[in-house]
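Enquirer: The file below is coords-v2.cif, mmCIF, C-alpha atoms:
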```cif
data_protein
loop_
_atom_site.label_atom_id
_atom_site.label_comp_id
_atom_site.auth_asym_id
_atom_site.auth_seq_id
_atom_site.Cartn_x
_atom_site.Cartn_y
_atom_site.Cartn_z
CA MET B 15 30.79 161.76 74.08
CA ALA B 16 30.67 161.30 70.33
CA LYS B 17 28.89 164.15 68.61
CA THR B 18 26.06 163.46 66.22
CA PRO B 19 27.76 162.63 62.92
CA LEU B 20 27.28 164.99 60.00
CA PRO B 21 24.97 163.62 57.30
CA GLU B 22 26.77 162.00 54.36
CA THR B 23 26.33 163.81 51.03
CA ALA B 24 23.65 162.10 48.94
CA SER B 25 24.57 160.17 45.81
CA GLN B 26 23.22 160.95 42.34
CA THR B 27 23.50 158.92 39.16
CA ALA B 28 26.71 159.29 37.15
CA GLY B 29 24.49 159.64 34.08
CA PRO B 30 25.30 158.79 30.46
CA TYR B 31 28.03 161.41 30.04
CA VAL B 32 30.24 160.18 32.88
CA HIS B 33 33.03 159.64 30.35
CA ILE B 34 33.65 163.38 29.95
CA GLY B 35 34.90 163.55 33.52
CA LEU B 36 36.19 160.06 34.20
CA ALA B 37 37.29 158.70 30.81
CA PRO B 38 37.67 161.76 28.57
CA LYS B 39 39.14 159.87 25.61
CA VAL B 40 36.07 157.63 25.47
CA ALA B 41 33.77 160.68 25.42
CA GLY B 42 35.44 161.73 22.17
CA LEU B 43 37.08 164.93 23.37
CA GLU B 44 39.61 166.08 20.78
CA ARG B 45 41.98 167.38 23.46
CA PRO B 46 41.17 165.19 26.45
CA LEU B 47 42.84 165.37 29.82
CA PRO B 48 44.97 162.25 30.40
CA THR B 49 43.02 159.20 31.51
CA LEU B 50 43.43 158.03 35.10
CA GLY B 51 43.19 154.38 36.08
CA SER B 52 44.35 152.81 32.82
CA GLU B 53 47.29 150.94 34.39
CA ILE B 54 46.56 148.82 37.44
CA ALA B 55 49.91 147.06 37.56
CA GLY B 56 53.00 148.42 35.80
CA PRO B 57 55.07 146.10 33.59
CA ASP B 58 57.59 145.27 36.34
CA VAL B 59 55.02 144.27 38.94
CA PRO B 60 55.30 140.55 39.74
CA GLY B 61 52.27 138.35 39.30
CA ALA B 62 50.29 136.37 36.75
CA ARG B 63 49.04 138.67 34.01
CA ILE B 64 45.29 138.29 33.54
CA THR B 65 42.41 139.94 31.74
CA LEU B 66 39.04 140.39 33.40
CA GLU B 67 36.26 141.11 30.96
CA GLY B 68 32.53 141.23 31.24
CA CYS B 69 29.32 143.05 30.63
CA VAL B 70 26.65 144.64 32.83
CA PHE B 71 23.13 143.49 31.92
CA ASP B 72 19.83 145.17 32.77
CA GLY B 73 16.56 143.50 33.75
CA ASP B 74 15.73 142.81 30.09
CA GLY B 75 19.10 141.12 29.58
CA LYS B 76 20.34 144.03 27.47
CA PRO B 77 23.92 145.26 27.88
CA VAL B 78 24.33 148.49 29.83
CA THR B 79 26.43 150.39 27.31
CA ASP B 80 26.98 153.46 29.49
CA ALA B 81 28.35 151.60 32.54
CA MET B 82 31.61 152.63 34.15
CA ILE B 83 33.50 150.14 36.29
CA GLU B 84 36.16 150.76 38.92
CA LEU B 85 38.36 148.04 40.36
CA TRP B 86 40.43 147.91 43.55
CA GLN B 87 42.66 144.96 44.34
CA ALA B 88 45.66 143.65 46.23
CA ASP B 89 48.96 142.69 44.59
CA ALA B 90 50.07 139.08 44.05
CA ARG B 91 51.11 138.82 47.70
CA GLY B 92 47.84 140.22 49.00
CA ARG B 93 49.06 143.74 49.76
CA PHE B 94 47.14 146.86 48.79
CA ALA B 95 48.79 149.87 47.21
CA GLY B 96 49.99 152.24 49.90
CA SER B 97 50.67 149.48 52.44
CA ASP B 98 54.12 148.30 53.54
CA GLY B 99 55.85 145.92 51.16
CA CYS B 100 53.45 146.43 48.30
CA ALA B 101 54.98 145.85 44.85
CA SER B 102 56.53 148.97 43.34
CA GLY B 103 54.62 150.28 40.33
CA PHE B 104 51.40 148.70 41.55
CA GLN B 105 48.43 151.12 41.55
CA GLY B 106 45.83 148.49 42.39
CA TRP B 107 43.11 150.68 40.96
CA GLY B 108 41.58 150.75 37.51
CA ARG B 109 38.69 152.35 35.71
CA GLU B 110 37.15 151.21 32.44
CA ALA B 111 34.08 152.19 30.44
CA ALA B 112 31.72 149.76 28.76
CA ASP B 113 31.85 149.74 24.97
CA PHE B 114 29.10 151.97 23.55
CA MET B 115 27.97 149.24 21.14
CA THR B 116 28.51 145.94 22.96
CA GLY B 117 28.66 146.94 26.64
CA LEU B 118 31.88 144.96 27.03
CA TRP B 119 34.54 146.23 29.43
CA ARG B 120 37.99 144.82 30.05
CA PHE B 121 40.76 145.19 32.66
CA GLU B 122 44.37 144.16 32.15
CA THR B 123 45.89 143.39 35.52
CA ILE B 124 47.65 140.80 37.67
CA LYS B 125 45.95 138.11 39.67
CA PRO B 126 45.75 139.23 43.30
CA GLY B 127 46.86 137.09 46.22
CA SER B 128 44.78 136.11 49.21
CA VAL B 129 44.13 138.93 51.68
CA GLY B 130 44.29 137.40 55.14
CA ALA B 131 41.57 134.76 55.28
CA GLN B 132 39.94 136.10 52.13
CA ALA B 133 40.37 134.33 48.80
CA PRO B 134 41.93 136.27 45.91
CA HIS B 135 39.36 138.75 44.66
CA LEU B 136 38.79 142.06 42.90
CA ALA B 137 36.57 144.73 44.48
CA ILE B 138 34.30 146.23 41.83
CA TRP B 139 32.18 149.38 41.79
CA ILE B 140 29.59 150.04 39.10
CA VAL B 141 27.94 153.29 38.05
CA ALA B 142 25.67 154.06 35.09
CA ARG B 143 22.65 156.03 34.02
CA GLY B 144 19.71 154.70 36.05
CA ILE B 145 21.91 153.63 38.98
CA ASN B 146 21.17 156.12 41.75
CA ILE B 147 24.05 155.03 43.97
CA GLY B 148 27.15 153.09 42.90
CA LEU B 149 26.98 149.32 43.38
CA HIS B 150 29.74 147.36 45.12
CA THR B 151 30.43 143.74 44.23
CA ARG B 152 33.41 141.35 44.01
CA ALA B 153 34.93 138.99 41.48
CA TYR B 154 36.53 135.78 42.73
CA PHE B 155 38.36 133.23 40.55
CA GLU B 156 37.12 129.87 39.29
CA ASP B 157 40.53 128.24 39.79
CA GLU B 158 40.70 129.13 43.50
CA GLY B 159 38.15 126.57 44.65
CA GLU B 160 39.86 125.75 47.93
CA ALA B 161 40.37 129.38 48.96
CA ASN B 162 36.85 130.26 47.83
CA ALA B 163 35.39 127.48 49.98
CA SER B 164 36.65 129.18 53.14
CA ASP B 165 36.31 132.81 52.08
CA PRO B 166 34.31 134.62 54.78
CA VAL B 167 32.36 136.73 52.27
CA LEU B 168 31.38 133.84 50.00
CA VAL B 169 30.60 131.62 52.98
CA SER B 170 28.26 134.29 54.36
CA LEU B 171 26.07 134.06 51.24
CA VAL B 172 23.33 131.55 50.58
CA GLN B 173 24.74 128.84 48.32
CA ASN B 174 22.85 129.74 45.16
CA ARG B 175 24.13 133.32 45.12
CA ARG B 176 27.83 132.47 45.33
CA ALA B 177 28.30 131.37 41.74
CA GLY B 178 27.52 134.83 40.42
CA LEU B 179 30.65 136.20 42.09
CA ILE B 180 33.03 133.73 40.41
CA ALA B 181 34.89 134.87 37.29
CA ARG B 182 35.08 132.01 34.75
CA HIS B 183 37.94 131.07 32.45
CA VAL B 184 37.38 131.82 28.79
CA SER B 185 41.05 131.08 28.03
CA PRO B 186 44.05 130.31 30.27
CA ARG B 187 44.64 133.97 31.18
CA VAL B 188 41.25 135.55 30.49
CA TYR B 189 38.37 135.54 32.95
CA ARG B 190 34.77 136.52 32.25
CA PHE B 191 32.68 138.26 34.91
CA ASP B 192 29.18 139.36 33.93
CA ILE B 193 27.09 141.53 36.22
CA HIS B 194 23.31 141.16 36.25
CA LEU B 195 21.46 144.10 37.76
CA GLN B 196 18.15 142.24 38.02
CA GLY B 197 16.53 138.88 37.44
CA PRO B 198 17.18 135.24 38.33
CA GLN B 199 20.95 135.67 37.94
CA GLU B 200 21.06 138.95 39.86
CA THR B 201 24.58 139.64 41.11
CA VAL B 202 25.17 140.07 44.84
CA PHE B 203 25.73 143.74 45.69
CA PHE B 204 27.20 144.70 49.04
CA ASP B 205 26.73 147.32 51.69
CA LEU B 206 30.34 147.89 52.77
CA MET J 16 30.55 146.53 57.81
CA SER J 17 33.86 148.24 57.24
CA GLY J 18 36.14 150.66 59.00
CA TYR J 19 33.64 153.34 58.09
CA ARG J 20 30.44 154.41 59.77
CA ALA J 21 27.36 152.53 58.60
CA ARG J 22 25.68 154.39 55.76
CA ASP J 23 22.43 156.16 56.67
CA TRP J 24 20.26 154.88 53.83
CA ARG J 25 17.46 157.33 54.69
CA LEU J 26 19.64 160.05 53.19
CA GLN J 27 20.45 158.16 49.98
CA PRO J 28 18.27 157.53 46.95
CA PRO J 29 16.89 153.98 46.83
CA ALA J 30 17.88 151.93 43.77
CA LEU J 31 14.35 151.88 42.37
CA THR J 32 12.70 155.25 41.83
CA PRO J 33 10.12 154.63 39.09
CA ALA J 34 9.63 158.31 38.21
CA TYR J 35 13.23 158.15 36.96
CA LYS J 36 12.37 155.55 34.37
CA THR J 37 15.82 154.11 33.69
CA THR J 38 15.99 152.79 37.26
CA ARG J 39 13.16 150.35 36.53
CA LEU J 40 15.40 147.94 34.65
CA ARG J 41 18.64 148.80 36.40
CA ALA J 42 17.74 148.68 40.10
CA PRO J 43 18.71 145.44 41.85
CA SER J 44 15.57 143.85 43.27
CA THR J 45 17.37 142.06 46.12
CA PRO J 46 18.50 144.08 49.16
CA LEU J 47 22.21 144.81 49.52
CA VAL J 48 24.14 142.17 51.48
CA GLN J 49 26.06 143.38 54.50
CA MET J 50 29.75 142.65 53.99
CA PRO J 51 31.14 140.67 56.94
CA GLU J 52 33.11 142.73 59.43
CA GLU J 53 36.79 143.24 58.56
CA CYS J 54 36.33 142.09 54.96
CA ALA J 55 35.50 145.43 53.36
CA PRO J 56 38.42 147.37 51.93
CA GLU J 57 39.80 150.10 54.18
CA THR J 58 41.85 152.00 51.66
CA GLY J 59 41.69 153.19 48.08
CA PRO J 60 43.85 154.75 45.41
CA VAL J 61 45.97 157.77 46.24
CA PHE J 62 46.86 160.45 43.71
CA GLY J 63 49.51 163.12 43.64
CA HIS J 64 49.93 166.43 41.88
CA GLY J 65 52.04 164.64 39.29
CA ASP J 66 48.91 162.83 38.12
CA LEU J 67 47.21 166.11 37.18
CA GLY J 68 47.99 168.93 34.79
CA PRO J 69 48.30 172.58 35.89
CA LEU J 70 45.00 173.63 34.26
CA ASP J 71 42.97 170.55 35.11
CA HIS J 72 40.98 172.51 37.72
CA ASP J 73 40.29 175.44 35.38
CA LEU J 74 37.56 174.60 32.87
CA LEU J 75 37.63 178.18 31.58
CA GLN J 76 41.16 177.53 30.29
CA ASN J 77 41.74 173.81 29.95
CA TYR J 78 39.97 173.44 26.60
CA ALA J 79 40.23 177.03 25.38
CA GLY J 80 41.69 177.58 21.94
CA ASP J 81 41.61 181.08 20.47
CA GLY J 82 39.14 182.48 22.98
CA ALA J 83 37.32 181.94 26.24
CA PRO J 84 34.18 179.83 26.63
CA ILE J 85 30.80 181.58 26.68
CA GLY J 86 28.79 181.65 29.90
CA GLU J 87 28.55 182.87 33.46
CA ARG J 88 32.03 182.55 34.94
CA ILE J 89 32.05 180.98 38.40
CA LEU J 90 34.41 179.86 41.11
CA LEU J 91 33.14 176.57 42.53
CA HIS J 92 34.67 175.75 45.89
CA GLY J 93 34.06 174.03 49.19
CA HIS J 94 35.38 171.60 51.76
CA VAL J 95 35.57 167.84 51.73
CA MET J 96 35.17 166.45 55.22
CA ASP J 97 34.04 163.27 56.87
CA GLN J 98 31.04 162.77 59.14
CA ASP J 99 33.17 163.74 62.13
CA ALA J 100 33.97 167.11 60.49
CA ARG J 101 37.57 166.09 59.89
CA PRO J 102 39.02 167.46 56.64
CA VAL J 103 39.69 164.94 53.88
CA PRO J 104 42.98 166.14 52.37
CA GLY J 105 44.56 165.11 49.08
CA THR J 106 41.51 163.38 47.69
CA LEU J 107 40.78 163.33 43.97
CA ILE J 108 37.73 165.36 42.91
CA GLU J 109 36.60 165.11 39.29
CA ILE J 110 33.80 167.13 37.70
CA TRP J 111 32.01 167.11 34.36
CA GLN J 112 29.26 169.28 32.99
CA ALA J 113 27.38 170.65 30.00
CA ASN J 114 28.29 174.02 28.49
CA ALA J 115 26.28 177.22 29.03
CA GLY J 116 23.75 176.09 26.41
CA GLY J 117 23.16 172.71 28.04
CA ARG J 118 25.21 170.69 25.54
CA TYR J 119 27.78 168.07 26.55
CA ARG J 120 30.98 167.52 24.63
CA HIS J 121 30.26 163.81 24.28
CA ARG J 122 29.90 161.66 21.19
CA ASN J 123 26.46 160.49 22.34
CA ASP J 124 24.92 163.91 23.04
CA ASN J 125 23.07 165.26 20.00
CA TYR J 126 21.03 168.03 21.68
CA LEU J 127 20.49 170.91 19.26
CA ALA J 128 22.33 173.50 21.39
CA PRO J 129 25.80 174.10 19.92
CA LEU J 130 29.12 172.94 21.26
CA ASP J 131 31.38 175.68 22.55
CA PRO J 132 34.74 175.39 20.76
CA ASN J 133 36.49 176.63 23.90
CA PHE J 134 34.81 174.42 26.46
CA GLY J 135 35.45 170.72 27.21
CA GLY J 136 33.51 170.34 30.47
CA CYS J 137 36.03 168.14 32.29
CA GLY J 138 37.94 169.16 35.42
CA ARG J 139 39.77 167.63 38.35
CA THR J 140 41.78 168.59 41.37
CA LEU J 141 43.05 167.35 44.72
CA SER J 142 41.69 168.76 47.96
CA ASP J 143 44.36 170.69 49.88
CA ASP J 144 45.66 169.83 53.34
CA LYS J 145 42.58 171.40 54.93
CA GLY J 146 40.20 169.54 52.61
CA HIS J 147 39.44 172.62 50.53
CA TYR J 148 39.00 172.44 46.74
CA ARG J 149 38.34 174.96 43.98
CA PHE J 150 37.44 174.91 40.30
CA HIS J 151 37.01 177.71 37.82
CA THR J 152 34.22 176.97 35.41
CA LEU J 153 30.99 178.33 34.01
CA ARG J 154 27.44 177.77 35.03
CA PRO J 155 26.01 174.99 32.85
CA GLY J 156 22.65 175.31 31.11
CA PRO J 157 19.61 173.10 31.72
CA TYR J 158 18.69 170.65 28.95
CA PRO J 159 15.83 168.32 28.02
CA TRP J 160 16.15 164.56 28.44
CA PRO J 161 14.01 161.63 27.36
CA ASN J 162 12.28 160.65 30.60
CA SER J 163 8.84 162.07 29.88
CA LYS J 164 7.46 165.00 27.90
CA ASN J 165 9.23 168.20 28.95
CA SER J 166 11.67 166.57 31.36
CA TRP J 167 14.44 169.11 31.84
CA ARG J 168 17.51 168.58 33.97
CA PRO J 169 18.18 171.52 36.28
CA ALA J 170 21.57 173.13 35.74
CA HIS J 171 24.01 170.77 37.42
CA ILE J 172 27.64 169.75 37.71
CA HIS J 173 28.57 166.09 38.23
CA VAL J 174 31.05 165.57 41.07
CA SER J 175 33.10 162.43 41.73
CA ILE J 176 35.03 162.12 45.01
CA MET J 177 37.51 159.31 45.51
CA GLY J 178 37.71 159.51 49.31
CA LEU J 179 40.42 157.82 51.36
CA GLY J 180 38.92 154.34 51.08
CA PHE J 181 36.79 152.48 48.57
CA PRO J 182 33.74 152.52 50.92
CA GLN J 183 33.82 156.36 50.83
CA ARG J 184 33.63 156.45 47.01
CA LEU J 185 30.89 158.87 45.93
CA ILE J 186 29.47 160.36 42.77
CA THR J 187 26.84 163.07 43.04
CA GLN J 188 25.54 166.17 41.29
CA LEU J 189 25.38 169.73 42.55
CA TYR J 190 22.60 172.15 41.70
CA PHE J 191 22.26 175.93 41.89
CA GLU J 192 20.37 178.01 44.41
CA GLY J 193 17.03 179.26 43.12
CA ASP J 194 16.65 176.90 40.13
CA PRO J 195 12.92 176.02 39.77
CA LEU J 196 13.79 172.82 37.86
CA VAL J 197 15.32 171.19 40.96
CA ALA J 198 11.90 170.51 42.48
CA LEU J 199 10.63 168.99 39.20
CA CYS J 200 13.53 166.64 38.47
CA PRO J 201 12.93 162.91 39.15
CA ILE J 202 16.68 162.29 39.47
CA VAL J 203 16.96 164.86 42.26
CA GLN J 204 13.69 163.79 43.82
CA ALA J 205 14.92 160.18 43.98
CA ILE J 206 16.46 161.34 47.27
CA PRO J 207 13.77 160.82 49.90
CA ASP J 208 15.04 163.39 52.38
CA LYS J 209 14.40 167.09 51.71
CA SER J 210 17.37 168.27 53.74
CA ALA J 211 19.65 165.87 51.84
CA ILE J 212 18.44 167.43 48.58
CA ASP J 213 18.98 170.89 50.00
CA ARG J 214 22.60 170.00 50.75
CA LEU J 215 23.17 169.29 47.04
CA VAL J 216 22.31 172.90 46.23
CA ALA J 217 25.43 175.04 45.87
CA ARG J 218 25.05 178.43 47.59
CA LEU J 219 25.91 181.77 46.11
CA ASP J 220 29.03 182.89 47.99
CA LEU J 221 29.53 186.56 47.16
CA GLU J 222 32.38 186.83 49.68
CA ALA J 223 34.46 184.47 47.56
CA ALA J 224 33.57 186.09 44.24
CA THR J 225 36.27 187.90 42.29
CA PRO J 226 35.13 191.46 41.49
CA PHE J 227 34.60 192.08 37.77
CA ASP J 228 35.58 188.46 37.00
CA CYS J 229 33.41 185.69 38.42
CA LEU J 230 30.70 184.82 40.92
CA ALA J 231 31.35 182.08 43.46
CA TYR J 232 29.29 179.10 44.58
CA ARG J 233 30.04 176.98 47.60
CA PHE J 234 29.47 173.22 47.74
CA ASP J 235 30.66 171.23 50.76
CA ILE J 236 30.98 167.45 50.61
CA VAL J 237 30.65 165.02 53.52
CA LEU J 238 32.04 161.49 53.17
CA ARG J 239 31.41 158.57 55.50
CA GLY J 240 33.28 158.88 58.78
CA SER J 241 35.78 156.42 60.14
CA ARG J 242 34.51 154.05 62.81
CA ALA J 243 37.89 154.46 64.51
CA THR J 244 36.74 157.90 65.61
CA VAL J 245 33.82 156.36 67.43
CA PHE J 246 36.16 154.12 69.38
CA GLU J 247 38.60 156.95 70.09
CA ASN J 248 35.79 158.77 71.82
CA LYS J 249 35.05 155.93 74.21
CA PRO J 250 36.16 156.39 77.80
CA GLU J 251 39.46 154.73 78.72
CA GLY J 252 39.25 151.10 79.57
CA MET J 253 36.40 150.36 77.23
#
```
Have the structure of the file written as structure tokens, please.
Expert:
Amino acid sequence: MAKTPLPETASQTAGPYVHIGLAPKVAGLERPLPTLGSEIAGPDVPGARITLEGCVFDGDGKPVTDAMIELWQADARGRFAGSDGCASGFQGWGREAADFMTGLWRFETIKPGSVGAQAPHLAIWIVARGINIGLHTRAYFEDEGEANASDPVLVSLVQNRRAGLIARHVSPRVYRFDIHLQGPQETVFFDL
Amino acid sequence: MSGYRARDWRLQPPALTPAYKTTRLRAPSTPLVQMPEECAPETGPVFGHGDLGPLDHDLLQNYAGDGAPIGERILLHGHVMDQDARPVPGTLIEIWQANAGGRYRHRNDNYLAPLDPNFGGCGRTLSDDKGHYRFHTLRPGPYPWPNSKNSWRPAHIHVSIMGLGFPQRLITQLYFEGDPLVALCPIVQAIPDKSAIDRLVARLDLEAATPFDCLAYRFDIVLRGSRATVFENKPEGM
């Protein structure tokens, strides 16, 4: 018989000073501990080099300038770090803070491959002041129309909410992915 | 649904808690969408001791210049386990906090309490093979914040736990036994369950204190359990 599971520890907001712990250089520490999560894919990792940039917006359409974003992704052949055959030098994980003035954040990475039946995508986790528990979402790619059309996660959503999960080209190798916490364009957030 | 036990949302703060004013414009208004089975990530980043420096876990030393930081010296320790009481070894735990006067070393904090030249407020470690972790630090001070008149945060330390998979990812805050500000704080009280709040209160642990050096506080962390455990416990043939 399975025992009653222990209760999961409750979440609390990361608050506005999250940078001290998770991105010490951004906080302005004169002697910061080295930053973790700044290199998702080392220079020798095969794959198309891309930039994913975006902004988190609140219900008034204002940028959330204290947001912190984490990203988890597969390599170009759809393998996650730590699994057999994954590209050497591939961390698959990144962490970036929004700019204090503009709210813009930016990841330099490689484009992931399909993972099984799932279209190429980036798993994204968002924390900020005023977010009581971190929000999970996903970024898919505009130029993967065929794969997106059969992706089990996208297909499970009502049609008018799919577009918000598609990163759009702003130049051949740069994609834009904005996250809307509220309102008519509200991003889909997942319970994993 | 993922390879992890479904989250018990009764124990977690809802997105919108109006007494904590910032949630009003930042809480999604649409319910979370259940991720289809087998689509959620199972794994997450793994870190090794080579990723961390030797003093990363010791906030009394890792920013100290000519002297030691001012404040009540504490050992903060505990276990990271999953909902099935299995230890979570080798997971990255990161903490950040204000100094003893309630001031953060952050470019956006302009509270009038002074910075401590010997205190940065950033620490990290990996849990050991039994899931145990320890930090040396000092007890942070409470500080006022712009939520309403006389809103004061109870003394707290922010704790980030990577977990073994992205669905286990957790950021929380720990509080200190006996602090009267805990009951008054709208961030704490965003959690609807009293026992869940109580579990965020670190306990004085005199047994683990170092005589004539530091007090100790214990804070255990429980991450979502693996669904595999549930299946393992089924009778054969199921």
Enquirer: Return as number ranges by chain the set of residues that the PyMOL selection byres ((chain B) within 6 of (chain J)) yields on the displayed structure.
Expert: B: 16, 19-20, 22-26, 34-35, 41-42, 72-73, 144, 146, 195-196, 203-206
Enquirer: Could you expand the PyMOL selection byres ((chain J and resi 147) around 10) into the explicit residues it covers here, written as a list in words?
Expert: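 Applying the PyMOL selection byres ((chain J and resi 147) around 10) to the structure shown produces His92, Gly93, His94, Val95, Met96, Pro102, Val103, Pro104, Gly105, Thr106, Leu141, Ser142, Asp143, Asp144, Lys145, Gly146, Tyr148, Arg149, Asp235 and Ile236 of chain J.
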Enquirer: Write the residues of the preceding selection, restricted to C-alpha atoms, as a tab-separated table (two decimals), keeping the file's coordinate frame.
Expert:
```
chain	number	residue	atom	x	y	z
J	92	HIS	CA	34.67	175.75	45.89
J	93	GLY	CA	34.06	174.03	49.19
J	94	HIS	CA	35.38	171.60	51.76
J	95	VAL	CA	35.57	167.84	51.73
J	96	MET	CA	35.17	166.45	55.22
J	102	PRO	CA	39.02	167.46	56.64
J	103	VAL	CA	39.69	164.94	53.88
J	104	PRO	CA	42.98	166.14	52.37
J	105	GLY	CA	44.56	165.11	49.08
J	106	THR	CA	41.51	163.38	47.69
J	141	LEU	CA	43.05	167.35	44.72
J	142	SER	CA	41.69	168.76	47.96
J	143	ASP	CA	44.36	170.69	49.88
J	144	ASP	CA	45.66	169.83	53.34
J	145	LYS	CA	42.58	171.40	54.93
J	146	GLY	CA	40.20	169.54	52.61
J	148	TYR	CA	39.00	172.44	46.74
J	149	ARG	CA	38.34	174.96	43.98
J	235	ASP	CA	30.66	171.23	50.76
J	236	ILE	CA	30.98	167.45	50.61
```
Enquirer: Could you give me the axis-aligned bounding box of region 62-68 of chain B, with 5 Å of padding per side, as centre plus edge lengths in Å to one decimal, as JSON?
Expert:
```
{"center_x": 41.4, "center_y": 138.8, "center_z": 33.9, "size_x": 27.8, "size_y": 14.9, "size_z": 15.8}
```
Enquirer: Determine the residue membership of the PyMOL selection byres ((chain B and resi 80-88) around 8) for the file above and supply it as number ranges by chain.
Expert: B: 30, 32, 70, 78-79, 89-95, 106-114, 117, 119, 126-127, 129, 135-143; J: 59-60, 181
Enquirer: Give me, please, the distance in Å between CA of Leu36 (chain B) and CA of Thr49 (chain B), quoted to one decimal.
Expert: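 One can read the CA of Leu36 (chain B) to CA of Thr49 (chain B) distance as 7.4 Å.
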Enquirer: In Å, rounded to a single decimal, give me how far CA of Ala55 (chain B) is from CA of Ser128 (chain B).
Expert: 16.8 Å
Enquirer: Between CA of Leu171 (chain B) and CA of Ala62 (chain B), what distance in Å does the model show, to one decimal?
Expert: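 A separation of 28.3 Å between them.
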Enquirer: Go through B:Glu156, B:Lys39, B:Gly29, B:Glu44 one by one, measure the shortest atom-to-atom distance of each to Pro186 (chain B) using only C-alpha atoms, and give the residue with the smallest value.
Expert: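 The shortest atom-to-atom distance to Pro186 (chain B) comes from B:Glu156.
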Enquirer: I'd like the neighbourhood of region 57-59 of chain B as a ChimeraX atom specification, where a residue qualifies if any of its atoms comes within 10 Å (using all atoms listed in the file), though same-chain residues fewer than 6 positions away should be ignored.
Expert: /B:89-90,100-105,123-124
Enquirer: Go through B:Ser170, B:Ile193, B:Gln132, B:His183 one by one, measure the shortest atom-to-atom distance of each to Asp157 (chain B) using all atoms listed in the file, and give the residue with the smallest value.
Expert: B:His183
Enquirer: Neighbouring residues of Gly82 (chain J) were defined as those with any atom within 9 Å, considering all atoms listed in the file; residues of the same chain fewer than 2 positions away were excluded. Please report them as a PyMOL selection string.
Expert: chain J and resi 79-80+84+132-133
